[in-house]
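Source file: my_file.cif; contents: mmCIF, C-alpha atoms and all ligand atoms.
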```cif
data_target
#
loop_
_atom_site.label_atom_id
_atom_site.label_comp_id
_atom_site.auth_asym_id
_atom_site.auth_seq_id
_atom_site.Cartn_x
_atom_site.Cartn_y
_atom_site.Cartn_z
CA MET A 1 61.83 -86.74 6.16
CA PRO A 2 61.06 -89.76 3.96
CA GLN A 3 61.40 -89.38 0.22
CA ILE A 4 58.09 -89.71 -1.64
CA ALA A 5 57.80 -92.15 -4.56
CA LEU A 6 55.01 -92.99 -6.97
CA VAL A 7 55.32 -96.57 -8.26
CA THR A 8 52.97 -97.56 -11.08
CA GLY A 9 52.07 -101.19 -11.72
CA ALA A 10 52.30 -101.80 -7.98
CA SER A 11 49.70 -104.58 -7.90
CA SER A 12 51.98 -107.15 -9.53
CA GLY A 13 55.48 -108.12 -10.68
CA VAL A 14 58.25 -105.53 -10.74
CA GLY A 15 56.09 -102.66 -9.47
CA GLU A 16 54.97 -104.72 -6.48
CA ALA A 17 58.53 -105.85 -5.65
CA LEU A 18 59.85 -102.30 -6.03
CA SER A 19 57.10 -100.83 -3.83
CA LEU A 20 58.00 -103.24 -1.03
CA LEU A 21 61.74 -102.72 -1.46
CA LEU A 22 61.54 -98.92 -1.35
CA THR A 23 59.18 -99.02 1.63
CA ASP A 24 61.75 -101.20 3.46
CA ARG A 25 64.42 -98.64 2.61
CA GLY A 26 62.48 -95.80 4.20
CA TRP A 27 60.69 -94.28 1.20
CA ARG A 28 57.01 -93.39 1.47
CA VAL A 29 55.52 -95.24 -1.48
CA TYR A 30 52.25 -94.65 -3.33
CA GLY A 31 51.33 -97.70 -5.41
CA LEU A 32 49.25 -97.05 -8.52
CA SER A 33 47.40 -99.69 -10.55
CA ARG A 34 43.82 -100.44 -11.55
CA ARG A 35 43.46 -103.01 -8.75
CA SER A 36 43.94 -101.45 -5.35
CA VAL A 37 47.24 -102.65 -3.85
CA GLU A 38 47.26 -104.27 -0.45
CA LEU A 39 50.93 -104.16 0.45
CA GLU A 40 52.14 -103.40 3.93
CA GLY A 41 53.30 -99.80 4.19
CA VAL A 42 52.29 -98.93 0.60
CA ILE A 43 49.52 -96.39 0.05
CA ALA A 44 47.11 -97.50 -2.68
CA LEU A 45 46.18 -95.17 -5.54
CA PRO A 46 43.80 -97.08 -7.82
CA ALA A 47 43.78 -95.60 -11.35
CA ASP A 48 44.06 -96.56 -15.00
CA ILE A 49 47.17 -95.10 -16.65
CA SER A 50 45.39 -94.84 -20.01
CA ASP A 51 42.98 -92.34 -18.45
CA ALA A 52 44.81 -88.99 -18.25
CA GLU A 53 42.21 -87.41 -15.97
CA ALA A 54 42.27 -90.36 -13.54
CA ILE A 55 46.06 -90.15 -13.32
CA ARG A 56 45.92 -86.41 -12.63
CA ARG A 57 43.38 -87.05 -9.85
CA ALA A 58 45.51 -89.81 -8.30
CA VAL A 59 48.64 -87.64 -8.38
CA GLY A 60 46.56 -84.81 -6.90
CA GLN A 61 45.63 -87.06 -3.94
CA LEU A 62 49.31 -87.84 -3.36
CA LEU A 63 50.20 -84.15 -3.48
CA ASP A 64 47.36 -83.22 -1.12
CA ARG A 65 48.78 -85.63 1.45
CA GLU A 66 52.52 -85.12 0.97
CA GLY A 67 52.95 -81.73 -0.67
CA ARG A 68 55.79 -83.08 -2.80
CA LEU A 69 56.97 -85.90 -5.06
CA ASP A 70 60.60 -87.03 -5.39
CA ALA A 71 60.53 -90.08 -7.67
CA VAL A 72 58.31 -91.78 -10.22
CA LEU A 73 58.99 -95.41 -11.08
CA HIS A 74 56.69 -96.15 -13.96
CA CYS A 75 56.49 -99.96 -14.13
CA ALA A 76 52.89 -100.43 -15.33
CA GLY A 77 52.62 -102.02 -18.74
CA VAL A 78 51.02 -104.83 -20.73
CA GLY A 79 52.14 -107.33 -23.34
CA GLY A 80 50.33 -108.47 -26.46
CA ALA A 81 50.95 -110.98 -29.25
CA GLY A 82 49.52 -111.54 -32.70
CA ALA A 83 50.17 -111.14 -36.41
CA VAL A 84 50.12 -107.62 -37.87
CA GLU A 85 47.79 -108.87 -40.60
CA SER A 86 45.04 -110.11 -38.32
CA MET A 87 45.52 -109.09 -34.66
CA PRO A 88 42.28 -107.31 -33.67
CA GLU A 89 42.86 -103.57 -33.84
CA GLU A 90 41.20 -103.02 -30.48
CA GLN A 91 43.68 -105.35 -28.76
CA ALA A 92 46.63 -103.70 -30.47
CA ARG A 93 45.39 -100.23 -29.50
CA GLN A 94 45.08 -101.28 -25.85
CA VAL A 95 48.78 -102.16 -25.77
CA MET A 96 49.73 -98.78 -27.22
CA GLU A 97 47.26 -96.99 -24.90
CA ALA A 98 48.73 -98.57 -21.79
CA ASN A 99 52.41 -98.61 -22.72
CA PHE A 100 52.90 -95.40 -24.67
CA TRP A 101 49.96 -93.14 -23.74
CA GLY A 102 50.10 -94.46 -20.18
CA SER A 103 53.74 -93.35 -19.94
CA TRP A 104 52.83 -90.02 -21.50
CA ASN A 105 49.97 -89.50 -19.03
CA VAL A 106 52.15 -90.38 -16.05
CA CYS A 107 54.86 -87.93 -17.23
CA GLN A 108 52.39 -85.10 -17.84
CA ALA A 109 50.69 -85.57 -14.48
CA THR A 110 53.88 -85.77 -12.42
CA LEU A 111 56.50 -83.53 -14.06
CA PRO A 112 55.21 -80.21 -12.67
CA TYR A 113 55.67 -81.62 -9.14
CA LEU A 114 58.86 -83.57 -9.77
CA ARG A 115 60.45 -80.34 -11.00
CA LYS A 116 59.92 -78.84 -7.55
CA SER A 117 61.89 -81.61 -5.84
CA PRO A 118 65.58 -80.79 -5.33
CA ARG A 119 66.60 -84.31 -6.43
CA ALA A 120 63.95 -85.83 -8.65
CA ARG A 121 64.11 -89.13 -10.52
CA LEU A 122 61.83 -90.49 -13.26
CA LEU A 123 62.39 -94.09 -14.38
CA LEU A 124 60.37 -95.29 -17.38
CA VAL A 125 60.22 -99.02 -18.09
CA SER A 126 60.63 -100.14 -21.69
CA SER A 127 61.90 -103.62 -22.64
CA ILE A 128 64.68 -105.25 -24.62
CA ALA A 129 61.84 -105.85 -27.11
CA GLY A 130 61.67 -102.05 -27.51
CA HIS A 131 65.12 -102.11 -29.12
CA MET A 132 64.11 -104.37 -32.01
CA GLY A 133 61.22 -105.76 -34.04
CA ILE A 134 60.22 -109.25 -32.89
CA PRO A 135 57.83 -111.32 -35.03
CA PHE A 136 54.25 -111.47 -33.73
CA ARG A 137 54.96 -108.92 -31.01
CA SER A 138 54.97 -105.89 -33.26
CA VAL A 139 52.66 -103.66 -31.25
CA TYR A 140 54.42 -104.46 -27.98
CA CYS A 141 57.83 -103.72 -29.58
CA ALA A 142 56.47 -100.50 -31.11
CA SER A 143 54.95 -99.35 -27.82
CA LYS A 144 58.20 -99.98 -25.94
CA ALA A 145 60.29 -98.34 -28.69
CA ALA A 146 58.00 -95.34 -28.23
CA VAL A 147 58.80 -95.32 -24.50
CA ILE A 148 62.53 -95.22 -25.32
CA ALA A 149 62.01 -92.25 -27.65
CA LEU A 150 59.82 -90.51 -25.05
CA SER A 151 62.51 -90.96 -22.42
CA ASP A 152 65.31 -89.71 -24.71
CA SER A 153 63.28 -86.64 -25.67
CA LEU A 154 62.38 -85.90 -22.07
CA ARG A 155 65.99 -86.00 -20.91
CA LEU A 156 66.87 -83.25 -23.36
CA GLU A 157 63.75 -81.20 -22.58
CA LEU A 158 64.49 -81.36 -18.87
CA ARG A 159 68.03 -80.01 -19.15
CA GLY A 160 68.59 -77.39 -16.49
CA SER A 161 65.93 -78.89 -14.19
CA THR A 162 66.37 -81.08 -11.10
CA VAL A 163 64.73 -84.08 -12.78
CA GLN A 164 66.89 -86.95 -14.02
CA VAL A 165 65.22 -89.43 -16.37
CA ALA A 166 66.32 -92.95 -17.33
CA CYS A 167 64.81 -95.68 -19.44
CA ILE A 168 65.00 -99.22 -18.09
CA SER A 169 64.94 -102.10 -20.59
CA PRO A 170 64.60 -105.47 -18.87
CA GLY A 171 64.78 -108.88 -20.50
CA ASP A 172 62.34 -111.63 -19.53
CA ILE A 173 60.95 -111.46 -15.99
CA ALA A 174 59.06 -114.32 -14.36
CA THR A 175 55.82 -112.47 -13.54
CA ASN A 176 52.15 -112.89 -14.23
CA SER A 177 52.41 -110.85 -17.43
CA ILE A 178 51.62 -113.73 -19.79
CA ALA A 179 48.32 -114.47 -18.04
CA THR A 180 47.12 -110.87 -18.30
CA GLN A 181 48.02 -110.13 -21.93
CA TYR A 182 46.09 -110.71 -25.15
CA ARG A 183 47.59 -113.53 -27.26
CA GLN A 184 45.89 -114.11 -30.58
CA PRO A 185 44.77 -117.77 -30.90
CA ALA A 186 47.09 -119.54 -33.38
CA GLY A 187 44.06 -120.92 -35.24
CA ASP A 188 43.03 -117.36 -36.21
CA LEU A 189 46.25 -116.84 -38.15
CA ASP A 190 46.75 -117.53 -41.85
CA PRO A 191 48.64 -120.82 -42.47
CA LEU A 192 51.58 -118.70 -43.70
CA TYR A 193 52.22 -117.64 -40.11
CA ARG A 194 50.62 -120.31 -37.97
CA GLU A 195 53.52 -122.67 -37.16
CA ARG A 196 56.09 -119.89 -36.69
CA TYR A 197 53.61 -118.05 -34.48
CA ARG A 198 53.10 -121.16 -32.34
CA ARG A 199 56.87 -121.55 -31.89
CA ALA A 200 57.41 -117.85 -31.15
CA ASP A 201 54.54 -117.86 -28.66
CA GLU A 202 55.86 -120.99 -26.94
CA ALA A 203 59.35 -119.45 -26.75
CA MET A 204 57.91 -116.26 -25.22
CA VAL A 205 55.99 -118.20 -22.56
CA ASN A 206 59.06 -120.34 -21.70
CA ASN A 207 61.40 -117.35 -21.60
CA VAL A 208 59.10 -115.46 -19.23
CA ASP A 209 58.65 -118.57 -17.04
CA GLN A 210 62.43 -118.92 -16.75
CA GLY A 211 63.10 -115.18 -16.55
CA MET A 212 64.68 -113.05 -13.84
CA SER A 213 62.78 -112.59 -10.62
CA ALA A 214 60.81 -109.37 -10.18
CA ARG A 215 62.80 -108.79 -6.98
CA HIS A 216 66.08 -108.86 -8.95
CA VAL A 217 64.82 -106.22 -11.39
CA ALA A 218 63.46 -104.15 -8.49
CA GLU A 219 66.87 -104.24 -6.77
CA LYS A 220 68.59 -103.05 -9.94
CA MET A 221 66.05 -100.24 -10.33
CA ALA A 222 66.42 -99.21 -6.69
CA ALA A 223 70.21 -99.05 -7.19
CA ILE A 224 69.73 -96.86 -10.30
CA LEU A 225 67.45 -94.59 -8.27
CA GLU A 226 70.25 -93.99 -5.76
CA ARG A 227 72.86 -93.00 -8.37
CA GLU A 228 74.08 -89.44 -8.40
CA THR A 229 73.94 -89.18 -12.19
CA LEU A 230 71.63 -91.29 -14.35
CA SER A 231 72.59 -92.62 -17.78
CA PRO A 232 69.94 -92.50 -20.49
CA HIS A 233 69.55 -96.29 -20.69
CA TYR A 234 69.90 -99.32 -18.47
CA VAL A 235 69.46 -102.83 -19.86
CA ILE A 236 68.74 -105.46 -17.21
CA GLY A 237 69.09 -109.08 -18.26
CA GLU A 238 71.33 -111.94 -19.33
CA PRO A 239 74.61 -110.99 -21.06
CA VAL A 240 73.28 -112.28 -24.39
CA GLN A 241 70.18 -110.07 -24.04
CA LYS A 242 72.32 -107.02 -23.27
CA LEU A 243 74.52 -107.89 -26.24
CA SER A 244 71.46 -108.09 -28.51
CA THR A 245 70.66 -104.39 -27.98
CA ILE A 246 74.23 -103.48 -28.97
CA ALA A 247 74.32 -105.89 -31.93
CA GLN A 248 71.03 -104.45 -33.21
CA ARG A 249 72.63 -101.00 -33.31
CA ILE A 250 75.98 -101.88 -34.82
CA LEU A 251 75.30 -104.74 -37.24
CA PRO A 252 74.22 -103.93 -40.79
CA GLY A 253 70.44 -104.31 -41.05
CA ARG A 254 70.44 -107.59 -42.99
CA ALA A 255 73.09 -109.15 -40.75
CA TRP A 256 71.00 -108.36 -37.66
CA GLU A 257 67.87 -109.69 -39.34
CA TRP A 258 69.74 -112.93 -40.13
CA VAL A 259 70.72 -113.33 -36.44
CA LEU A 260 67.19 -112.69 -35.17
CA GLY A 261 65.68 -114.74 -38.00
CA ARG A 262 67.69 -117.80 -36.85
CA TYR A 263 66.22 -117.46 -33.38
CA TYR A 264 62.68 -117.10 -34.73
CA SER A 265 62.96 -119.53 -37.66
N1 LIG B 1 57.61 -109.69 -17.66
C1 LIG B 1 58.54 -109.51 -18.59
O1 LIG B 1 59.10 -110.49 -19.11
C2 LIG B 1 58.93 -108.10 -19.02
C3 LIG B 1 60.06 -107.97 -19.83
C4 LIG B 1 60.45 -106.69 -20.21
C5 LIG B 1 59.73 -105.59 -19.81
N2 LIG B 1 58.63 -105.75 -19.03
C6 LIG B 1 57.92 -104.54 -18.61
O2 LIG B 1 58.15 -104.38 -17.23
C7 LIG B 1 57.01 -103.75 -16.62
C8 LIG B 1 56.52 -104.61 -15.47
O3 LIG B 1 56.15 -105.87 -15.99
P1 LIG B 1 55.68 -107.07 -15.06
O4 LIG B 1 56.15 -108.31 -15.72
O5 LIG B 1 56.01 -106.79 -13.65
O6 LIG B 1 54.10 -106.99 -15.31
P2 LIG B 1 52.88 -107.58 -14.51
O7 LIG B 1 53.29 -108.52 -13.43
O8 LIG B 1 51.91 -108.07 -15.54
O9 LIG B 1 52.29 -106.25 -13.83
C9 LIG B 1 51.83 -105.21 -14.63
C10 LIG B 1 51.37 -104.09 -13.73
O10 LIG B 1 50.93 -103.01 -14.54
C11 LIG B 1 49.64 -102.62 -14.09
N3 LIG B 1 48.87 -102.12 -15.22
C12 LIG B 1 48.68 -102.70 -16.43
N4 LIG B 1 47.87 -101.95 -17.17
C13 LIG B 1 47.54 -100.87 -16.40
C14 LIG B 1 46.70 -99.74 -16.61
N5 LIG B 1 46.04 -99.55 -17.77
N6 LIG B 1 46.59 -98.83 -15.61
C15 LIG B 1 47.25 -99.01 -14.44
N7 LIG B 1 48.05 -100.06 -14.19
C16 LIG B 1 48.17 -100.98 -15.16
C17 LIG B 1 49.02 -103.90 -13.52
O11 LIG B 1 48.04 -103.60 -12.55
P3 LIG B 1 46.46 -103.73 -12.76
O12 LIG B 1 46.20 -104.89 -13.65
O13 LIG B 1 45.97 -103.88 -11.36
O14 LIG B 1 46.08 -102.42 -13.35
C18 LIG B 1 50.22 -104.51 -12.82
O15 LIG B 1 50.38 -103.94 -11.55
C19 LIG B 1 55.98 -103.59 -17.74
O16 LIG B 1 56.09 -102.29 -18.29
C20 LIG B 1 56.41 -104.61 -18.77
O17 LIG B 1 56.01 -104.27 -20.09
C21 LIG B 1 58.21 -106.99 -18.61
#
```
Could I get this structure in the form of structure tokens?
Ligand SMILES: NC(=O)c1ccc[n+]([C@@H]2O[C@H](COP(=O)([O-])OP(=O)(O)OC[C@H]3O[C@@H](n4cnc5c(N)ncnc54)[C@H](OP(=O)(O)O)[C@@H]3O)[C@@H](O)[C@H]2O)c1
Amino acid sequence: MPQIALVTGASSGVGEALSLLLTDRGWRVYGLSRRSVELEGVIALPADISDAEAIRRAVGQLLDREGRLDAVLHCAGVGGAGAVESMPEEQARQVMEANFWGSWNVCQATLPYLRKSPRARLLLVSSIAGHMGIPFRSVYCASKAAVIALSDSLRLELRGSTVQVACISPGDIATNSIATQYRQPAGDLDPLYRERYRRADEAMVNNVDQGMSARHVAEKMAAILERETLSPHYVIGEPVQKLSTIAQRILPGRAWEWVLGRYYS
């Protein structure tokens, strides 16, 4: 019998690559995103993760067809850039809605069924940016930090169950994510921020352009899915990016701020 997986964010980037990879490996994959996915072998479940009721309905459709769910790979997410002082609140809220509340909704809708699988896996996708505060990406960092906390809490809550949870924190990935995110126009920012914002924004765009391939991240996630015992956290990226999450934890606060400040000077 094939294992049943729900992959969110399946219409693009990591979710798309992972849906195809798992299908190739014999999983039956349901691909969830707002746009209906058209990937060979992947069953489309169009839904918005910020809409709890829509997610429950989509998961209900999967359950009606399969009767069980073995893995959830929650890749859907959005970026967002702007200054805390002036980024439109509505844009900031959309990032939190999709990244934090979307993760919450996906967990609530799927956990009752995952708990019935004898070997269930739930992978939540955060970001290296969730381990630190990056200038002009505050709401994205906050939303991904919230995903890390959600994942850590869930692991402890699920003790004694068959569900293993892990939080995946990738570095930059060369996907379409820049094109689909809100980026505050530099001209809207106060002169205090404007030049540093321009440089930070340019660095973000370049880093994503030159980032890992979505396929590479999908392969790493598929390998994590196969492990017998999952660790709480997996960082996927360049050695320096992995090191940054450790340095952030062990360096005194001002020393870490000095390091990051040099990068974003
Ligand atoms: N790209 C990077 O450099 C990078 C780095 C670290 C972490 N990440 C994280 O890795 C994950 C995958 O990123 P990616 O680069 O592959 O992104 P991507 O190519 O932009 O794809 C994002 C996916 O999420 C879906 N999505 C977004 N909002 C949604 C919503 N409200 N409801 C349902 N689906 C929604 C999109 O589908 P629809 O638009 O069709 O809904 C799309 O399938 C995200 O969580 C992202 O934050 C990315």
Kindly assemble as a Markdown table a list of the region 166-246 of chain A residues that lie within 8 Å of region 129-141 of chain A, each paired with its nearest atom pair and their distance in Å to one decimal, using all atoms listed in the file, sorted first by chain and then by ascending residue number.
```
| residue | atom | partner | partner_atom | distance |
| --- | --- | --- | --- | --- |
| A:Ser169 | CA | A:Gly130 | CA | 7.7 |
| A:Gly171 | CA | A:Ala129 | CA | 7.8 |
| A:Tyr197 | CA | A:Phe136 | CA | 6.7 |
| A:Ala200 | CA | A:Phe136 | CA | 7.6 |
| A:Thr245 | CA | A:His131 | CA | 6.1 |
```
| task | Let me have all residues with an atom within 8 Å of ligand LIG 1 (chain B), counting all atoms listed in the file, laid out as a VMD selection string. | result | chain A and resid 8 to 16 32 to 37 46 to 51 74 to 79 97 to 99 102 125 to 129 144 169 to 181 207 to 208 211 214
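In this comparison, which uses all atoms listed in the file, the residue of A:Gln184, A:Ser265, A:Thr229, A:Thr110 approaching Glu89 (chain A) most closely is A:Gln184.
Taking all atoms listed in the file, the non-local environment of Val42 (chain A) within 7 Å (same-chain residues fewer than 4 positions away omitted) comprises A:Ser19, A:Thr23, A:Val29, A:Tyr30, A:Gly31.
Taking all atoms listed in the file into account, Glu53 (chain A) lies nearest to A:Ala109 out of the set A:Leu124, A:Met87, A:Ala109, A:Val163.
Straight-line separation from CA of Arg227 (chain A) to CA of Ala120 (chain A): 11.4 Å.
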| said: I'd like the interatomic distance between CA of Glu202 (chain A) and CA of Ser244 (chain A), to a tenth of an Å. | reply: 20.3 Å
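Relative to CA of Arg159 (chain A), CA of Gly67 (chain A) is found at 23.9 Å.
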Atoms are missing here; could region 78-95 of chain A be completed with N, CA, C and O atoms and written as a PDB file, keeping the file's coordinate frame?
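part22.pdb, freshly written:
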```
ATOM      1  N   VAL A  78      51.646-103.560 -20.324  1.00  0.00           N
ATOM      2  CA  VAL A  78      51.020-104.830 -20.730  1.00  0.00           C
ATOM      3  C   VAL A  78      51.713-105.382 -21.962  1.00  0.00           C
ATOM      4  O   VAL A  78      52.292-104.628 -22.749  1.00  0.00           O
ATOM      5  N   GLY A  79      51.629-106.695 -22.130  1.00  0.00           N
ATOM      6  CA  GLY A  79      52.140-107.330 -23.340  1.00  0.00           C
ATOM      7  C   GLY A  79      51.015-107.525 -24.347  1.00  0.00           C
ATOM      8  O   GLY A  79      49.877-107.078 -24.129  1.00  0.00           O
ATOM      9  N   GLY A  80      51.341-108.194 -25.441  1.00  0.00           N
ATOM     10  CA  GLY A  80      50.330-108.470 -26.460  1.00  0.00           C
ATOM     11  C   GLY A  80      51.005-109.193 -27.614  1.00  0.00           C
ATOM     12  O   GLY A  80      52.140-108.857 -27.955  1.00  0.00           O
ATOM     13  N   ALA A  81      50.330-110.202 -28.166  1.00  0.00           N
ATOM     14  CA  ALA A  81      50.950-110.980 -29.250  1.00  0.00           C
ATOM     15  C   ALA A  81      49.928-111.286 -30.330  1.00  0.00           C
ATOM     16  O   ALA A  81      48.755-111.569 -30.034  1.00  0.00           O
ATOM     17  N   GLY A  82      50.392-111.229 -31.568  1.00  0.00           N
ATOM     18  CA  GLY A  82      49.520-111.540 -32.700  1.00  0.00           C
ATOM     19  C   GLY A  82      50.212-111.126 -33.992  1.00  0.00           C
ATOM     20  O   GLY A  82      51.270-110.495 -33.958  1.00  0.00           O
ATOM     21  N   ALA A  83      49.601-111.509 -35.109  1.00  0.00           N
ATOM     22  CA  ALA A  83      50.170-111.140 -36.410  1.00  0.00           C
ATOM     23  C   ALA A  83      49.660-109.764 -36.828  1.00  0.00           C
ATOM     24  O   ALA A  83      48.488-109.455 -36.613  1.00  0.00           O
ATOM     25  N   VAL A  84      50.530-108.954 -37.419  1.00  0.00           N
ATOM     26  CA  VAL A  84      50.120-107.620 -37.870  1.00  0.00           C
ATOM     27  C   VAL A  84      48.877-107.726 -38.754  1.00  0.00           C
ATOM     28  O   VAL A  84      47.933-106.925 -38.633  1.00  0.00           O
ATOM     29  N   GLU A  85      48.869-108.755 -39.607  1.00  0.00           N
ATOM     30  CA  GLU A  85      47.790-108.870 -40.600  1.00  0.00           C
ATOM     31  C   GLU A  85      46.417-109.080 -39.962  1.00  0.00           C
ATOM     32  O   GLU A  85      45.410-108.633 -40.505  1.00  0.00           O
ATOM     33  N   SER A  86      46.364-109.731 -38.814  1.00  0.00           N
ATOM     34  CA  SER A  86      45.040-110.110 -38.320  1.00  0.00           C
ATOM     35  C   SER A  86      44.789-109.877 -36.831  1.00  0.00           C
ATOM     36  O   SER A  86      43.696-110.159 -36.335  1.00  0.00           O
ATOM     37  N   MET A  87      45.770-109.350 -36.078  1.00  0.00           N
ATOM     38  CA  MET A  87      45.520-109.090 -34.660  1.00  0.00           C
ATOM     39  C   MET A  87      44.402-108.052 -34.554  1.00  0.00           C
ATOM     40  O   MET A  87      44.454-107.019 -35.244  1.00  0.00           O
ATOM     41  N   PRO A  88      43.373-108.284 -33.737  1.00  0.00           N
ATOM     42  CA  PRO A  88      42.280-107.310 -33.670  1.00  0.00           C
ATOM     43  C   PRO A  88      42.800-105.925 -33.293  1.00  0.00           C
ATOM     44  O   PRO A  88      43.588-105.788 -32.351  1.00  0.00           O
ATOM     45  N   GLU A  89      42.353-104.925 -34.046  1.00  0.00           N
ATOM     46  CA  GLU A  89      42.860-103.570 -33.840  1.00  0.00           C
ATOM     47  C   GLU A  89      42.649-103.098 -32.393  1.00  0.00           C
ATOM     48  O   GLU A  89      43.501-102.449 -31.798  1.00  0.00           O
ATOM     49  N   GLU A  90      41.499-103.472 -31.836  1.00  0.00           N
ATOM     50  CA  GLU A  90      41.200-103.020 -30.480  1.00  0.00           C
ATOM     51  C   GLU A  90      42.241-103.518 -29.478  1.00  0.00           C
ATOM     52  O   GLU A  90      42.668-102.789 -28.575  1.00  0.00           O
ATOM     53  N   GLN A  91      42.666-104.777 -29.664  1.00  0.00           N
ATOM     54  CA  GLN A  91      43.680-105.350 -28.760  1.00  0.00           C
ATOM     55  C   GLN A  91      45.015-104.646 -28.945  1.00  0.00           C
ATOM     56  O   GLN A  91      45.720-104.353 -27.974  1.00  0.00           O
ATOM     57  N   ALA A  92      45.355-104.375 -30.199  1.00  0.00           N
ATOM     58  CA  ALA A  92      46.630-103.700 -30.470  1.00  0.00           C
ATOM     59  C   ALA A  92      46.612-102.293 -29.873  1.00  0.00           C
ATOM     60  O   ALA A  92      47.584-101.849 -29.258  1.00  0.00           O
ATOM     61  N   ARG A  93      45.480-101.604 -30.031  1.00  0.00           N
ATOM     62  CA  ARG A  93      45.390-100.230 -29.500  1.00  0.00           C
ATOM     63  C   ARG A  93      45.523-100.217 -27.978  1.00  0.00           C
ATOM     64  O   ARG A  93      46.083 -99.291 -27.402  1.00  0.00           O
ATOM     65  N   GLN A  94      44.985-101.252 -27.326  1.00  0.00           N
ATOM     66  CA  GLN A  94      45.080-101.280 -25.850  1.00  0.00           C
ATOM     67  C   GLN A  94      46.527-101.349 -25.381  1.00  0.00           C
ATOM     68  O   GLN A  94      46.881-100.778 -24.357  1.00  0.00           O
ATOM     69  N   VAL A  95      47.358-102.058 -26.140  1.00  0.00           N
ATOM     70  CA  VAL A  95      48.780-102.160 -25.770  1.00  0.00           C
ATOM     71  C   VAL A  95      49.428-100.780 -25.895  1.00  0.00           C
ATOM     72  O   VAL A  95      50.147-100.315 -25.004  1.00  0.00           O
TER      73      VAL A  95
END
```
